[in-house]
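So this block is upload36.cif, mmCIF, C-alpha atoms:
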```cif
data_query
#
loop_
_atom_site.label_atom_id
_atom_site.label_comp_id
_atom_site.auth_asym_id
_atom_site.auth_seq_id
_atom_site.Cartn_x
_atom_site.Cartn_y
_atom_site.Cartn_z
CA MET A 1 130.04 123.21 256.66
CA VAL A 2 131.21 122.89 253.08
CA ALA A 3 130.74 119.58 251.29
CA THR A 4 133.01 118.41 248.50
CA CYS A 5 132.51 115.18 246.57
CA ARG A 6 135.27 112.87 245.51
CA VAL A 7 133.95 110.02 243.42
CA SER A 8 136.06 107.05 242.39
CA GLN A 9 135.32 103.41 241.68
CA SER A 10 132.06 102.64 243.45
CA LEU A 11 132.30 99.88 246.03
CA PRO A 12 129.14 98.98 247.94
CA PRO A 13 129.56 99.54 251.69
CA CYS A 14 127.54 96.46 252.47
CA PHE A 15 128.69 93.91 254.98
CA LEU A 16 129.69 90.56 253.59
CA HIS A 17 130.07 87.31 255.40
CA ALA A 18 131.65 84.14 254.04
CA ARG A 19 130.50 81.13 256.01
CA SER A 20 130.37 77.35 255.80
CA ARG A 21 127.35 75.25 256.49
CA ASP A 22 127.38 72.34 258.87
CA LYS A 23 125.94 69.59 256.71
CA LYS A 24 125.26 67.48 259.76
CA GLN A 25 122.63 69.95 260.88
CA ASP A 26 120.85 70.19 257.50
CA SER A 27 118.49 67.64 256.01
CA PHE A 28 117.71 67.50 252.30
CA SER A 29 114.94 65.75 250.46
CA SER A 30 116.96 64.99 247.34
CA ALA A 31 120.50 64.36 246.12
CA ALA A 32 120.18 67.39 243.85
CA GLU A 33 119.58 69.68 246.85
CA GLN A 34 122.57 68.15 248.64
CA GLN A 35 124.78 68.80 245.60
CA SER A 36 123.53 72.37 245.33
CA ALA A 37 124.20 72.97 249.03
CA ALA A 38 127.71 71.56 248.76
CA ALA A 39 128.47 73.96 245.90
CA ALA A 40 127.09 76.86 247.96
CA GLU A 41 129.63 76.15 250.67
CA LEU A 42 132.40 77.22 248.34
CA GLN A 43 130.81 80.60 247.63
CA PRO A 44 130.68 83.68 249.89
CA GLN A 45 127.26 84.27 251.34
CA VAL A 46 126.13 87.83 250.65
CA LEU A 47 123.84 89.21 253.32
CA CYS A 48 123.02 92.47 251.56
CA ALA A 49 120.10 91.99 249.17
CA ARG A 50 120.86 95.28 247.42
CA HIS A 51 124.31 94.08 246.29
CA PRO A 52 124.06 90.41 245.24
CA GLU A 53 126.96 90.90 242.82
CA ALA A 54 129.46 91.75 245.57
CA GLU A 55 131.75 89.15 247.07
CA ALA A 56 133.87 88.99 250.20
CA SER A 57 137.62 89.30 249.78
CA PRO A 58 139.52 85.97 249.91
CA GLY A 59 140.60 85.11 253.44
CA ARG A 60 138.64 87.96 254.99
CA GLU A 61 135.48 87.68 257.04
CA ALA A 62 133.61 90.91 257.58
CA SER A 63 130.63 91.86 259.71
CA ARG A 64 127.56 89.60 259.75
CA PHE A 65 125.12 92.48 259.48
CA PRO A 66 123.42 93.43 256.21
CA CYS A 67 123.58 96.88 254.70
CA GLU A 68 120.34 98.42 255.92
CA ALA A 69 120.01 101.92 254.57
CA PRO A 70 120.74 103.97 251.46
CA PRO A 71 122.73 105.69 250.19
CA CYS A 72 125.59 103.28 249.45
CA ARG A 73 128.07 106.01 250.10
CA GLN A 74 130.05 107.37 253.01
CA SER A 75 130.14 110.88 254.37
CA ARG A 76 133.47 111.62 255.99
CA TYR A 77 133.87 114.66 258.25
CA THR A 78 137.30 116.28 258.26
CA PRO A 79 138.55 119.54 259.81
CA THR A 80 139.44 123.02 258.68
CA GLY A 81 140.84 125.65 260.99
CA GLY A 82 143.81 123.70 262.28
CA PRO A 83 145.94 120.61 261.60
CA ASN A 84 144.44 117.32 262.70
CA PRO A 85 146.58 114.24 261.94
CA ALA A 86 143.71 111.79 262.41
CA ALA A 87 141.67 113.13 259.50
CA PRO A 88 144.33 112.67 256.76
CA SER A 89 144.88 109.03 257.78
CA SER A 90 141.25 108.01 257.24
CA SER A 91 140.94 110.23 254.17
CA SER A 92 144.07 108.72 252.61
CA ALA A 93 142.84 105.19 253.34
CA GLY A 94 139.57 105.93 251.55
CA ARG A 95 141.25 107.45 248.50
CA VAL A 96 143.96 104.80 248.14
CA ASN A 97 141.43 101.96 248.28
CA LYS A 98 139.00 103.71 245.90
CA ILE A 99 136.17 103.85 248.40
CA ASP A 100 133.42 106.14 247.20
CA PHE A 101 132.75 108.90 249.74
CA GLU A 102 131.64 112.47 250.16
CA GLU A 103 134.02 114.62 252.21
CA VAL A 104 132.45 117.24 254.47
CA THR A 105 134.78 119.82 255.98
CA VAL A 106 134.15 121.03 259.53
CA ASP A 107 135.47 124.45 260.56
CA LEU A 108 136.94 123.99 264.04
CA PHE A 109 137.63 127.70 264.53
CA LYS A 110 133.91 128.36 264.07
CA SER A 111 133.03 125.51 266.46
CA HIS A 112 131.09 123.61 263.82
CA SER A 113 132.07 120.36 265.53
CA LEU A 114 130.14 121.46 268.64
CA THR A 115 126.82 122.05 266.88
CA PRO A 116 123.83 119.83 267.75
CA GLU A 117 123.82 118.61 264.15
CA PHE A 118 127.39 117.35 264.29
CA LYS A 119 127.06 115.93 267.81
CA LYS A 120 124.42 113.57 266.45
CA ILE A 121 127.31 112.06 264.49
CA ASN A 122 129.97 112.35 267.18
CA PRO A 123 128.78 113.25 270.70
CA MET A 124 132.40 114.08 271.58
CA GLY A 125 132.38 116.98 269.11
CA GLN A 126 135.61 115.92 267.42
CA VAL A 127 136.82 114.96 263.95
CA PRO A 128 137.20 112.74 262.04
CA ALA A 129 133.89 110.90 261.90
CA ILE A 130 132.04 108.92 259.25
CA VAL A 131 128.46 108.16 258.34
CA ASP A 132 127.84 105.00 256.31
CA GLY A 133 124.11 104.64 255.73
CA ARG A 134 122.66 104.56 259.23
CA PHE A 135 126.00 103.66 260.77
CA LYS A 136 128.00 106.43 262.48
CA LEU A 137 131.54 106.09 263.78
CA PHE A 138 134.22 108.31 265.28
CA GLU A 139 137.86 107.88 266.42
CA SER A 140 140.43 107.58 263.65
CA HIS A 141 141.76 104.13 264.54
CA ALA A 142 138.24 102.72 264.71
CA ILE A 143 137.48 104.28 261.31
CA LEU A 144 140.62 102.77 259.78
CA ARG A 145 139.74 99.32 261.13
CA TYR A 146 136.20 99.67 259.81
CA LEU A 147 137.28 100.71 256.31
CA ALA A 148 139.82 97.89 256.09
CA SER A 149 137.40 95.24 257.39
CA VAL A 150 134.13 96.10 255.65
CA PHE A 151 135.02 97.07 252.10
CA PRO A 152 135.87 94.05 249.93
CA GLY A 153 138.26 95.98 247.69
CA VAL A 154 140.73 96.85 250.48
CA ALA A 155 144.04 94.97 250.21
CA ASP A 156 144.81 92.61 253.07
CA HIS A 157 148.12 94.26 253.99
CA TRP A 158 146.32 97.29 255.44
CA TYR A 159 144.75 95.19 258.22
CA PRO A 160 145.88 91.57 257.76
CA ALA A 161 143.55 88.65 258.29
CA ASP A 162 146.43 86.86 260.03
CA LEU A 163 145.62 87.37 263.71
CA PHE A 164 149.23 87.42 264.88
CA THR A 165 150.16 90.23 262.48
CA ARG A 166 146.95 92.07 263.25
CA ALA A 167 147.66 91.89 267.00
CA LYS A 168 151.06 93.51 266.45
CA ILE A 169 149.42 96.29 264.45
CA GLU A 170 146.91 96.79 267.27
CA SER A 171 149.74 97.10 269.79
CA ILE A 172 151.30 99.92 267.72
CA LEU A 173 147.97 101.75 267.50
CA ASP A 174 147.45 101.46 271.27
CA TRP A 175 150.98 102.73 271.92
CA HIS A 176 150.39 105.63 269.55
CA HIS A 177 147.75 107.36 271.69
CA LEU A 178 149.81 108.03 274.82
CA ASN A 179 153.19 108.47 273.18
CA LEU A 180 153.62 109.86 269.68
CA ARG A 181 150.16 111.49 269.59
CA LEU A 182 150.54 112.92 273.08
CA GLY A 183 153.88 114.47 272.21
CA ALA A 184 153.20 115.71 268.69
CA GLY A 185 149.64 116.87 269.33
CA THR A 186 150.46 118.81 272.48
CA PHE A 187 153.56 120.42 271.03
CA VAL A 188 151.89 121.54 267.80
CA TYR A 189 148.83 122.77 269.67
CA TYR A 190 150.70 125.09 272.03
CA THR A 191 153.35 126.12 269.51
CA ALA A 192 151.27 126.71 266.37
CA LEU A 193 147.58 126.90 267.28
CA ALA A 194 147.41 128.46 270.75
CA PRO A 195 148.73 131.88 269.58
CA PHE A 196 146.01 132.05 266.91
CA LEU A 197 143.34 131.06 269.43
CA GLY A 198 144.48 133.64 271.97
CA LEU A 199 145.41 130.99 274.54
CA ARG A 200 148.15 131.36 277.09
CA PRO A 201 151.40 129.50 276.36
CA ARG A 202 152.24 126.55 278.58
CA PRO A 203 156.04 126.19 278.58
CA ASP A 204 156.05 123.16 280.90
CA ALA A 205 153.56 121.23 278.78
CA THR A 206 155.40 122.22 275.60
CA LYS A 207 158.76 121.14 276.99
CA HIS A 208 157.38 117.80 278.16
CA ALA A 209 155.74 117.20 274.78
CA GLU A 210 159.00 117.96 273.00
CA LYS A 211 160.79 115.44 275.19
CA VAL A 212 158.14 112.76 274.66
CA LEU A 213 158.13 113.32 270.92
CA MET A 214 161.78 113.98 270.20
CA MET A 215 163.67 111.89 272.73
CA GLN A 216 161.32 108.97 273.19
CA SER A 217 158.68 108.32 270.54
CA LEU A 218 160.72 108.80 267.38
CA ALA A 219 163.64 106.84 268.82
CA ARG A 220 161.29 104.06 269.94
CA ILE A 221 159.74 103.75 266.47
CA GLU A 222 163.18 103.33 264.91
CA SER A 223 164.52 100.88 267.49
CA VAL A 224 161.43 98.66 267.81
CA TRP A 225 159.45 98.73 264.53
CA LEU A 226 161.88 100.07 261.89
CA LYS A 227 164.88 97.89 262.57
CA GLY A 228 167.54 97.51 259.91
CA ASP A 229 166.33 98.21 256.39
CA ALA A 230 162.63 97.88 257.22
CA LYS A 231 160.52 99.65 254.61
CA PHE A 232 157.42 99.82 256.80
CA LEU A 233 156.54 99.08 260.43
CA LEU A 234 157.13 95.51 261.61
CA GLY A 235 159.46 94.98 258.66
CA SER A 236 156.50 94.61 256.29
CA PRO A 237 157.05 95.12 252.55
CA GLN A 238 153.71 96.98 252.36
CA PRO A 239 152.07 99.58 254.63
CA SER A 240 149.37 98.91 257.22
CA ILE A 241 146.86 101.22 258.88
CA ALA A 242 149.47 101.67 261.64
CA ASP A 243 151.97 103.11 259.15
CA LEU A 244 149.35 105.52 257.85
CA SER A 245 148.22 106.63 261.31
CA LEU A 246 151.70 107.26 262.74
CA VAL A 247 153.10 108.97 259.65
CA CYS A 248 150.10 111.30 259.48
CA GLU A 249 150.77 112.18 263.12
CA ILE A 250 154.35 113.15 262.34
CA MET A 251 153.27 115.12 259.27
CA GLN A 252 151.63 117.79 261.41
CA LEU A 253 155.16 119.01 262.24
CA GLU A 254 154.99 120.62 258.80
CA ALA A 255 152.80 123.32 260.34
CA LEU A 256 155.73 124.43 262.52
CA GLY A 257 157.96 125.31 259.58
CA ASP A 258 161.02 123.67 258.08
CA ASP A 259 163.45 124.68 260.85
CA MET A 260 161.38 123.14 263.63
CA ARG A 261 160.58 120.06 261.56
CA ASN A 262 164.26 119.52 260.85
CA LYS A 263 165.04 119.95 264.54
CA PHE A 264 162.84 116.97 265.33
CA LEU A 265 163.49 114.74 262.33
CA GLY A 266 166.97 115.73 261.16
CA GLY A 267 168.66 113.00 263.22
CA HIS A 268 166.19 110.27 262.29
CA GLU A 269 167.09 109.08 258.80
CA ARG A 270 165.03 105.91 259.11
CA ILE A 271 161.95 107.94 260.09
CA LEU A 272 162.43 110.23 257.08
CA THR A 273 162.86 107.26 254.72
CA TRP A 274 159.77 105.58 256.19
CA ILE A 275 157.66 108.73 255.72
CA ASP A 276 158.78 108.90 252.11
CA ASN A 277 157.93 105.21 251.61
CA VAL A 278 154.40 105.75 252.94
CA ARG A 279 153.97 108.82 250.74
CA LYS A 280 155.05 106.90 247.63
CA ALA A 281 152.87 103.90 248.48
CA THR A 282 149.80 106.13 248.75
CA SER A 283 150.64 108.67 246.04
CA PRO A 284 149.05 110.96 244.97
CA HIS A 285 146.42 110.67 247.68
CA PHE A 286 148.81 111.27 250.57
CA ASP A 287 149.62 114.83 249.51
CA GLU A 288 145.98 115.46 248.59
CA ALA A 289 144.88 114.50 252.09
CA HIS A 290 147.51 116.82 253.61
CA MET A 291 146.85 119.75 251.30
CA PHE A 292 145.19 121.78 254.05
CA LEU A 293 148.23 121.23 256.28
CA PHE A 294 150.53 122.56 253.57
CA GLU A 295 148.27 125.59 253.19
CA VAL A 296 148.44 126.25 256.94
CA LYS A 297 152.23 125.99 256.78
CA ALA A 298 152.39 128.54 253.94
CA GLN A 299 150.10 130.95 255.82
CA MET A 300 152.16 130.69 259.00
CA GLN A 301 155.40 131.25 257.11
CA SER A 302 153.89 134.30 255.41
CA LYS A 303 152.74 135.77 258.74
CA ALA A 304 156.11 135.07 260.34
CA ALA A 305 157.93 136.78 257.47
CA ALA A 306 155.60 139.78 257.68
CA ALA A 307 156.14 140.04 261.45
CA ALA A 308 159.91 139.82 261.02
CA ALA A 309 159.87 142.51 258.34
CA LYS A 310 157.77 144.77 260.54
CA GLN A 311 160.11 144.27 263.48
CA GLY A 312 163.11 144.93 261.27
CA GLY A 313 161.51 148.14 260.03
CA SER A 314 160.83 149.29 263.59
CA GLU A 315 164.43 148.65 264.60
CA ALA A 316 165.74 150.56 261.57
CA SER A 317 163.43 153.47 262.37
CA SER A 318 164.62 153.55 266.00
CA LYS A 319 168.26 153.60 264.91
CA LEU A 320 167.54 156.46 262.48
CA LYS A 321 165.86 158.51 265.22
CA PHE A 322 168.77 157.89 267.57
CA ALA A 323 171.28 158.96 264.89
CA SER A 324 169.34 162.16 264.17
CA LYS A 325 169.46 163.11 267.85
CA LEU A 326 173.25 162.74 267.82
#
```
Let's see the structure in the file written out as structure tokens.
Amino acid sequence: MVATCRVSQSLPPCFLHARSRDKKQDSFSSAAEQQSAAAAELQPQVLCARHPEAEASPGREASRFPCEAPPCRQSRYTPTGGPNPAAPSSSSAGRVNKIDFEEVTVDLFKSHSLTPEFKKINPMGQVPAIVDGRFKLFESHAILRYLASVFPGVADHWYPADLFTRAKIESILDWHHLNLRLGAGTFVYYTALAPFLGLRPRPDATKHAEKVLMMQSLARIESVWLKGDAKFLLGSPQPSIADLSLVCEIMQLEALGDDMRNKFLGGHERILTWIDNVRKATSPHFDEAHMFLFEVKAQMQSKAAAAAAKQGGSEASSKLKFASKL
């Protein structure tokens, strides 16, 4: 595994908890102590002794557990060897919100995710995953929720404190797994990755995935969550973790080449505008997080061009041999 560091504004990954005291349950020996306690109610209570200067974000209550172990830094495990839409979403969230982390790349083609070392982080042997002190977490949606809830510098619009809005975001994330992700992931896997892995094609699975992605998921996103002139999902003026997760899923179509991407997205102007809005809102980190995907796309286009040139040369040679016989 190759580790690369990306350091930005340092934010302590401690857990903060703002709470109010019940004065009826406390007894004080003096008026001065009562006055001091009343003032304390207005201040966030910091449960991490190593970061007394940190404060909870207004309107946001995070975990009640203190930060237990150094270093105050995250290690985030992302893939190489094939496109994985889940990794760019968590990576983009970290970069946009200036969360200090070390990025560790995991080569999937070399089965690095299946090593005993990595399985101590994620027993499922998949990416992405994070390590924050002693805390380990996998699954991209869980990671996005964690980043948005724990770090005090993360803007509220990513994972709103308002429970009604948050519930709607959760419903999109739940829908994502068995719809957009099922379609896009399966289609890209058998179209782009399977040939490189020496796996047999599965036309039925590919056809079903194309139908789920093209005819159902993209149309459903437009008709339900991108109505009218909506800039982001749910008509929000700013993106949420749901926007980031779903757009990163669609971005893996880049690996299939421009023609295939246009086949899927050409008739979905609102989807294309939405992708561009998310890219601009997270610039330049969005393209940085997808850099590996763009490299895969360039490699595949190069190989396809070389194969086409070779086939064209073979056909020309066959025609020349046939003409010489005549």
Run the PyMOL selection byres ((chain A and resi 246-262) around 7) mentally over the shown coordinates, then write out the matched residues as an MDAnalysis selection string, using the chain letters and numbers from the document.
-> chainID A and resid 83 85 88:89 181 184 188 192 242:245 263:266 275 293 296:297 301
Suppose we keep C-alpha atoms; can you now write the selection as an mmCIF file, in the coordinates of the input?
```cif
data_model
loop_
_atom_site.group_PDB
_atom_site.id
_atom_site.type_symbol
_atom_site.label_atom_id
_atom_site.label_comp_id
_atom_site.auth_asym_id
_atom_site.auth_seq_id
_atom_site.Cartn_x
_atom_site.Cartn_y
_atom_site.Cartn_z
ATOM 1 C CA PRO A 83 145.940 120.610 261.600
ATOM 2 C CA PRO A 85 146.580 114.240 261.940
ATOM 3 C CA PRO A 88 144.330 112.670 256.760
ATOM 4 C CA SER A 89 144.880 109.030 257.780
ATOM 5 C CA ARG A 181 150.160 111.490 269.590
ATOM 6 C CA ALA A 184 153.200 115.710 268.690
ATOM 7 C CA VAL A 188 151.890 121.540 267.800
ATOM 8 C CA ALA A 192 151.270 126.710 266.370
ATOM 9 C CA ALA A 242 149.470 101.670 261.640
ATOM 10 C CA ASP A 243 151.970 103.110 259.150
ATOM 11 C CA LEU A 244 149.350 105.520 257.850
ATOM 12 C CA SER A 245 148.220 106.630 261.310
ATOM 13 C CA LYS A 263 165.040 119.950 264.540
ATOM 14 C CA PHE A 264 162.840 116.970 265.330
ATOM 15 C CA LEU A 265 163.490 114.740 262.330
ATOM 16 C CA GLY A 266 166.970 115.730 261.160
ATOM 17 C CA ILE A 275 157.660 108.730 255.720
ATOM 18 C CA LEU A 293 148.230 121.230 256.280
ATOM 19 C CA VAL A 296 148.440 126.250 256.940
ATOM 20 C CA LYS A 297 152.230 125.990 256.780
ATOM 21 C CA GLN A 301 155.400 131.250 257.110
#
```
Residues matched by the PyMOL selection byres ((chain A and resi 162-172) around 12), written as a PDB file with C-alpha atoms, in the frame of the given file:
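Contents of the output file part.pdb:
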```pdb
ATOM      1  CA  GLY A  59     140.600  85.110 253.440  1.00  0.00           C
ATOM      2  CA  ARG A  60     138.640  87.960 254.990  1.00  0.00           C
ATOM      3  CA  GLU A  61     135.480  87.680 257.040  1.00  0.00           C
ATOM      4  CA  HIS A 141     141.760 104.130 264.540  1.00  0.00           C
ATOM      5  CA  ALA A 142     138.240 102.720 264.710  1.00  0.00           C
ATOM      6  CA  LEU A 144     140.620 102.770 259.780  1.00  0.00           C
ATOM      7  CA  ARG A 145     139.740  99.320 261.130  1.00  0.00           C
ATOM      8  CA  ALA A 148     139.820  97.890 256.090  1.00  0.00           C
ATOM      9  CA  SER A 149     137.400  95.240 257.390  1.00  0.00           C
ATOM     10  CA  ASP A 156     144.810  92.610 253.070  1.00  0.00           C
ATOM     11  CA  HIS A 157     148.120  94.260 253.990  1.00  0.00           C
ATOM     12  CA  TRP A 158     146.320  97.290 255.440  1.00  0.00           C
ATOM     13  CA  TYR A 159     144.750  95.190 258.220  1.00  0.00           C
ATOM     14  CA  PRO A 160     145.880  91.570 257.760  1.00  0.00           C
ATOM     15  CA  ALA A 161     143.550  88.650 258.290  1.00  0.00           C
ATOM     16  CA  LEU A 173     147.970 101.750 267.500  1.00  0.00           C
ATOM     17  CA  ASP A 174     147.450 101.460 271.270  1.00  0.00           C
ATOM     18  CA  TRP A 175     150.980 102.730 271.920  1.00  0.00           C
ATOM     19  CA  HIS A 176     150.390 105.630 269.550  1.00  0.00           C
ATOM     20  CA  HIS A 177     147.750 107.360 271.690  1.00  0.00           C
ATOM     21  CA  LEU A 178     149.810 108.030 274.820  1.00  0.00           C
ATOM     22  CA  ASN A 179     153.190 108.470 273.180  1.00  0.00           C
ATOM     23  CA  LEU A 180     153.620 109.860 269.680  1.00  0.00           C
ATOM     24  CA  ARG A 181     150.160 111.490 269.590  1.00  0.00           C
ATOM     25  CA  SER A 217     158.680 108.320 270.540  1.00  0.00           C
ATOM     26  CA  ARG A 220     161.290 104.060 269.940  1.00  0.00           C
ATOM     27  CA  ILE A 221     159.740 103.750 266.470  1.00  0.00           C
ATOM     28  CA  VAL A 224     161.430  98.660 267.810  1.00  0.00           C
ATOM     29  CA  TRP A 225     159.450  98.730 264.530  1.00  0.00           C
ATOM     30  CA  PHE A 232     157.420  99.820 256.800  1.00  0.00           C
ATOM     31  CA  LEU A 233     156.540  99.080 260.430  1.00  0.00           C
ATOM     32  CA  LEU A 234     157.130  95.510 261.610  1.00  0.00           C
ATOM     33  CA  GLY A 235     159.460  94.980 258.660  1.00  0.00           C
ATOM     34  CA  SER A 236     156.500  94.610 256.290  1.00  0.00           C
ATOM     35  CA  PRO A 239     152.070  99.580 254.630  1.00  0.00           C
ATOM     36  CA  SER A 240     149.370  98.910 257.220  1.00  0.00           C
ATOM     37  CA  ILE A 241     146.860 101.220 258.880  1.00  0.00           C
ATOM     38  CA  ALA A 242     149.470 101.670 261.640  1.00  0.00           C
ATOM     39  CA  ASP A 243     151.970 103.110 259.150  1.00  0.00           C
ATOM     40  CA  LEU A 244     149.350 105.520 257.850  1.00  0.00           C
ATOM     41  CA  SER A 245     148.220 106.630 261.310  1.00  0.00           C
ATOM     42  CA  LEU A 246     151.700 107.260 262.740  1.00  0.00           C
TER      43      LEU A 246
END
```
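Coordinates place CA of Thr206 (chain A) at a distance of 29.0 Å from CA of Ser92 (chain A).
For the set A:Val131, A:Thr186, A:Ser302, A:Ile143, the residue with the smallest atom-to-atom gap to Lys211 (chain A) is A:Thr186, counting all atoms listed in the file.
Going from CA of Ile271 (chain A) to CA of Gly185 (chain A) covers 17.8 Å.
Shortest atom-to-atom contact with Asp229 (chain A) among A:Gln299, A:Ser90, A:Thr273, A:Gln311: A:Thr273, counting all atoms listed in the file.
In terms of minimum interatomic distance to Glu103 (chain A), A:Ile130 ranks closest within A:Met291, A:Val278, A:Ile130, A:Ala309, counting only C-alpha atoms.
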Would you mind telling me which residue in A:Asp287, A:Asp100, A:Asp276, A:Glu117 lies nearest to Leu147 (chain A) when using only C-alpha atoms?
-> A:Asp100
Residues within 10 Å of Gly267 (chain A), all atoms listed in the file, excluding chain neighbours under 6 positions, as a count of residues only = 3
Provide the CA of Pro237 (chain A) to CA of Ala155 (chain A) distance in Å, to one decimal place.
-> 13.2 Å
Using the chain letters and numbers from the file, give me the residues hit by the PyMOL selection byres ((chain A and resi 288) around 12), as an MDAnalysis selection string.
-> chainID A and resid 6 87:89 91:96 279 282:287 289:295
Can you spit out the residues from that selection as a JSON list (two decimals), keeping the file's coordinate frame, using C-alpha atoms?
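Okay, this is what ended up in result.json:
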```json
[["chain", "number", "residue", "atom", "x", "y", "z"],
["A", 6, "ARG", "CA", 135.27, 112.87, 245.51],
["A", 87, "ALA", "CA", 141.67, 113.13, 259.50],
["A", 88, "PRO", "CA", 144.33, 112.67, 256.76],
["A", 89, "SER", "CA", 144.88, 109.03, 257.78],
["A", 91, "SER", "CA", 140.94, 110.23, 254.17],
["A", 92, "SER", "CA", 144.07, 108.72, 252.61],
["A", 93, "ALA", "CA", 142.84, 105.19, 253.34],
["A", 94, "GLY", "CA", 139.57, 105.93, 251.55],
["A", 95, "ARG", "CA", 141.25, 107.45, 248.50],
["A", 96, "VAL", "CA", 143.96, 104.80, 248.14],
["A", 279, "ARG", "CA", 153.97, 108.82, 250.74],
["A", 282, "THR", "CA", 149.80, 106.13, 248.75],
["A", 283, "SER", "CA", 150.64, 108.67, 246.04],
["A", 284, "PRO", "CA", 149.05, 110.96, 244.97],
["A", 285, "HIS", "CA", 146.42, 110.67, 247.68],
["A", 286, "PHE", "CA", 148.81, 111.27, 250.57],
["A", 287, "ASP", "CA", 149.62, 114.83, 249.51],
["A", 289, "ALA", "CA", 144.88, 114.50, 252.09],
["A", 290, "HIS", "CA", 147.51, 116.82, 253.61],
["A", 291, "MET", "CA", 146.85, 119.75, 251.30],
["A", 292, "PHE", "CA", 145.19, 121.78, 254.05],
["A", 293, "LEU", "CA", 148.23, 121.23, 256.28],
["A", 294, "PHE", "CA", 150.53, 122.56, 253.57],
["A", 295, "GLU", "CA", 148.27, 125.59, 253.19]]
```
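Across A:Leu137, A:Leu193, A:His268, A:Ala129, the tightest approach to Phe109 (chain A) is made by A:Leu193 when counting all atoms listed in the file.
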